[in-house]
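Following: one structure in structure tokens, then a few remarks.
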Amino acid sequence: MPTSADRITTQEVAPEAIDVDIPKRGMPVTIITGFLGSGKTTLLNHILQNQQDLKVAVLVNEFGDINIDSQLLISVDENMMELSNGCICCTINDGLVDAVYKVLERGDRIDYMIVETTGVADPLPIALTFLGTELQHLTRLDSILTVVDSEAFTAEHFNSDAAYSQIMYGDIIILNKTDLVSETKLQDLETYINQTKTKARILRSQLGVVPLPLILDIEIDQSAIASTQQASHDRSHHDHAHHDHGDAHTHEHCHDPECNHEHHHHEHHHHSDHLENDGFISISFQSDRPFDLDKFQNFLDKKLPIDVFRAKGILNFANIDNRYVFQLSGKRYELKTDDRGKSINNQLVIIGRNLHREELLADLGNCLV
Ligand SMILES: Nc1nc2c(ncn2[C@@H]2O[C@H](COP(=O)(O)OP(=O)(O)OP(=O)(O)O)[C@@H](O)[C@H]2O)c(=O)[nH]1
């Protein structure tokens, strides 16, 4: 991989020639895709913690009104934020093209761009945004990385077209969560993927740990997209018919400036009915009141519908000083203390199929103190 120093040299040859509008041509871009809860953010954190001198801009997007991921990278409520390691993070609220421009127009040095898609996203329209819009002159799509939950993955792809596309268009398939499965299961998965797509490049990982030179700046010569060009053409036609700027994932957000206010005393139940992907819907819950820990655990054990596939949140519990990061993926869930102090709000996103929004929100409301 070229060092960041190489890139700085290139960019610093004639700084005065840098056009304010188009300051960084040929910025390498890696797209991280993978189904709900497969480990995309975990991989992203591994990259950000080990990228050494590379200054990375990450663009994150979430299936839900509340962007928990970007808050787990660092706590902020702006669209653009500086991470503790000097990297920057931009949410794709206003569209992918706009987010890329926002990053490119920044005056400071950025060597690399990583886009984390939502778990229910087909990566193709996102990739085509880099390959087929004006961004093709400013960026260079390096590769698409597909993270797979080795334990949860099945040949039915969760009955999701997006999950299938993620495998088909991934340049590198990362079989993650190897700690949760047997060697036989891993080999079966590899066999299945090799049968599904030709020349699949497959890596294995636990907690997203893979050698970075194998996944960043690899300049894949024969991309998975190119080898499925006809499918790309057909589907891009379809996708562009529905999404301006190739941005398939613009989200509705709560614009209520009071929402994060310390003395705001009403629960907010956010929702975005238009967010439907392969039947998945997301339900967001916020409250400035803390949960009762026992009631919340009882809710998880007894009331959480079986069709909930993924949930994550930043939670406060009564009489406990720390805030907690809650993660549920398939049948597993975990609550980890987060030593960044209490959050202002309880924030939880629940994703699944056939969910009864009002019932779920009422059950959650009953867990509050
Ligand atoms: N046991 C185990 N857990 C893992 C591994 N990688 C990630 N996880 C856990 O799986 C859960 C989901 O991981 P994330 O990285 O948030 O997954 P994601 O793909 O970003 O999730 P979405 O963006 O919501 O689709 C978290 O609780 C992680 O700690 C792994 O290799 N082994």
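Identifiers for the structure tokens are assigned positionally: chains receive A, B, ... in sequence, residues are indexed from 1 per chain, and ligands are indexed from 1 in the order shown.
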
Write out as a ChimeraX atom specification the residues lying within 12 Å of Asp292 in chain A, counting only C-alpha atoms and excluding same-chain residues fewer than 4 positions away.
/A:296-299,315-320,346,364-369

The selected residues should be written to file as a CSV table (one decimal), in the first residue's frame (atoms: C-alpha atoms).
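File produced: result16.csv:
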chain,number,residue,atom,x,y,z
A,296,PHE,CA,-35.6,-3.7,30.4
A,297,GLN,CA,-34.1,-7.2,30.8
A,298,ASN,CA,-37.5,-8.6,31.3
A,299,PHE,CA,-38.6,-6.9,28.0
A,315,LEU,CA,-28.9,3.5,27.1
A,316,ASN,CA,-29.1,4.9,30.6
A,317,PHE,CA,-30.4,3.0,33.6
A,318,ALA,CA,-31.7,4.5,36.8
A,319,ASN,CA,-29.2,4.6,39.6
A,320,ILE,CA,-26.3,3.6,37.4
A,346,ASN,CA,-31.9,6.9,25.8
A,364,LEU,CA,-40.3,0.2,25.8
A,365,GLY,CA,-42.1,3.1,27.3
A,366,ASN,CA,-43.1,0.8,30.2
A,367,CYS,CA,-39.4,0.0,30.9
A,368,LEU,CA,-38.8,3.7,31.7
A,369,VAL,CA,-38.6,4.8,35.4

For range 326-342 of chain A, list every protein, DNA or RNA residue within 6 Å, evaluated using only C-alpha atoms, and leave out those in the same chain fewer than 5 positions away; present the list as JSON, numbers by chain.
{"A": [37, 309, 310, 311, 312, 313]}

Can you work out the spacing between CA of Ile202 in chain A and CA of Val148 in chain A in Å, to one decimal?
10.3 Å

Where does chain A meet ligand 1 within 8 Å, residue by residue, with the nearest atom pair and distance in Å to one decimal for each, counting only C-alpha atoms and all ligand atoms, listed by chain and rising number, as CSV?
residue,atom,partner,partner_atom_place_in_ligand_line,distance
A:Thr33,CA,ligand 1,19 (O),7.8
A:Gly34,CA,ligand 1,19 (O),6.1
A:Phe35,CA,ligand 1,25 (O),5.6
A:Leu36,CA,ligand 1,25 (O),3.2
A:Gly37,CA,ligand 1,21 (O),3.3
A:Ser38,CA,ligand 1,19 (O),4.0
A:Gly39,CA,ligand 1,15 (O),3.2
A:Lys40,CA,ligand 1,20 (O),3.8
A:Thr41,CA,ligand 1,20 (O),3.7
A:Thr42,CA,ligand 1,15 (O),3.7
A:Leu43,CA,ligand 1,15 (O),6.5
A:Leu44,CA,ligand 1,15 (O),7.8
A:Glu62,CA,ligand 1,23 (O),6.6
A:Phe63,CA,ligand 1,24 (O),7.7
A:Asp69,CA,ligand 1,23 (O),7.0
A:Glu116,CA,ligand 1,23 (O),7.9
A:Thr117,CA,ligand 1,23 (O),7.4
A:Thr118,CA,ligand 1,23 (O),5.5
A:Gly119,CA,ligand 1,25 (O),3.9
A:Val120,CA,ligand 1,25 (O),7.3
A:Val147,CA,ligand 1,19 (O),7.2
A:Asp149,CA,ligand 1,6 (N),7.8
A:Asn176,CA,ligand 1,31 (O),5.0
A:Lys177,CA,ligand 1,31 (O),3.1
A:Thr178,CA,ligand 1,31 (O),5.9
A:Asp179,CA,ligand 1,32 (N),5.7
A:Leu180,CA,ligand 1,1 (N),5.8
A:Ser205,CA,ligand 1,31 (O),6.2
A:Gln206,CA,ligand 1,31 (O),3.5
A:Leu207,CA,ligand 1,31 (O),3.4
A:Gly208,CA,ligand 1,6 (N),5.8
A:Arg310,CA,ligand 1,24 (O),6.5
A:Ala311,CA,ligand 1,24 (O),7.1
A:Lys312,CA,ligand 1,24 (O),7.1
A:Phe326,CA,ligand 1,27 (O),7.7
A:Gln327,CA,ligand 1,27 (O),4.7
A:Leu328,CA,ligand 1,27 (O),6.2
A:Ser329,CA,ligand 1,11 (C),5.7
A:Tyr333,CA,ligand 1,27 (O),6.8
A:Glu334,CA,ligand 1,27 (O),6.3

Shell of 9 Å around range 192-198 of chain A, only C-alpha atoms, local chain residues under 2 positions omitted, as a PDB file with C-alpha atoms, in the first residue's frame:
ATOM      1  CA  ALA A 155     -27.946 -19.665   1.724  1.00  0.00           C
ATOM      2  CA  ILE A 167     -22.258 -11.115  -1.693  1.00  0.00           C
ATOM      3  CA  MET A 168     -22.434 -10.760  -5.475  1.00  0.00           C
ATOM      4  CA  ILE A 173     -15.853 -11.334   1.350  1.00  0.00           C
ATOM      5  CA  GLN A 187     -15.558 -24.338   4.990  1.00  0.00           C
ATOM      6  CA  ASP A 188     -19.199 -24.836   4.011  1.00  0.00           C
ATOM      7  CA  LEU A 189     -19.599 -21.084   3.740  1.00  0.00           C
ATOM      8  CA  GLU A 190     -16.490 -20.794   1.608  1.00  0.00           C
ATOM      9  CA  ALA A 200     -14.382 -14.935  -4.925  1.00  0.00           C
ATOM     10  CA  ARG A 201     -11.705 -13.550  -2.645  1.00  0.00           C
ATOM     11  CA  ILE A 202     -12.498 -14.665   0.880  1.00  0.00           C
ATOM     12  CA  ALA A 224     -16.985  -7.860  -8.903  1.00  0.00           C
TER      13      ALA A 224
END

The distance between CA of Asp111 in chain A and CA of Leu138 in chain A is 12.7 Å

Give me the residues near Gln51 in chain A as a PDB file with C-alpha atoms, in the first residue's frame, where near means some atom within 8 Å (using only C-alpha atoms) and where sequence neighbours in that chain fewer than 4 positions away do not count.
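Written output follows (part03.pdb):
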ATOM      1  CA  ILE A  47      -9.281   0.069  10.450  1.00  0.00           C
ATOM      2  CA  LYS A  55      -5.987  10.110   7.475  1.00  0.00           C
ATOM      3  CA  LEU A 212      -5.123  -3.812   6.397  1.00  0.00           C
TER       4      LEU A 212
END

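When CA of Val210 in chain A is paired with CA of His157 in chain A, their separation reads 23.7 Å.
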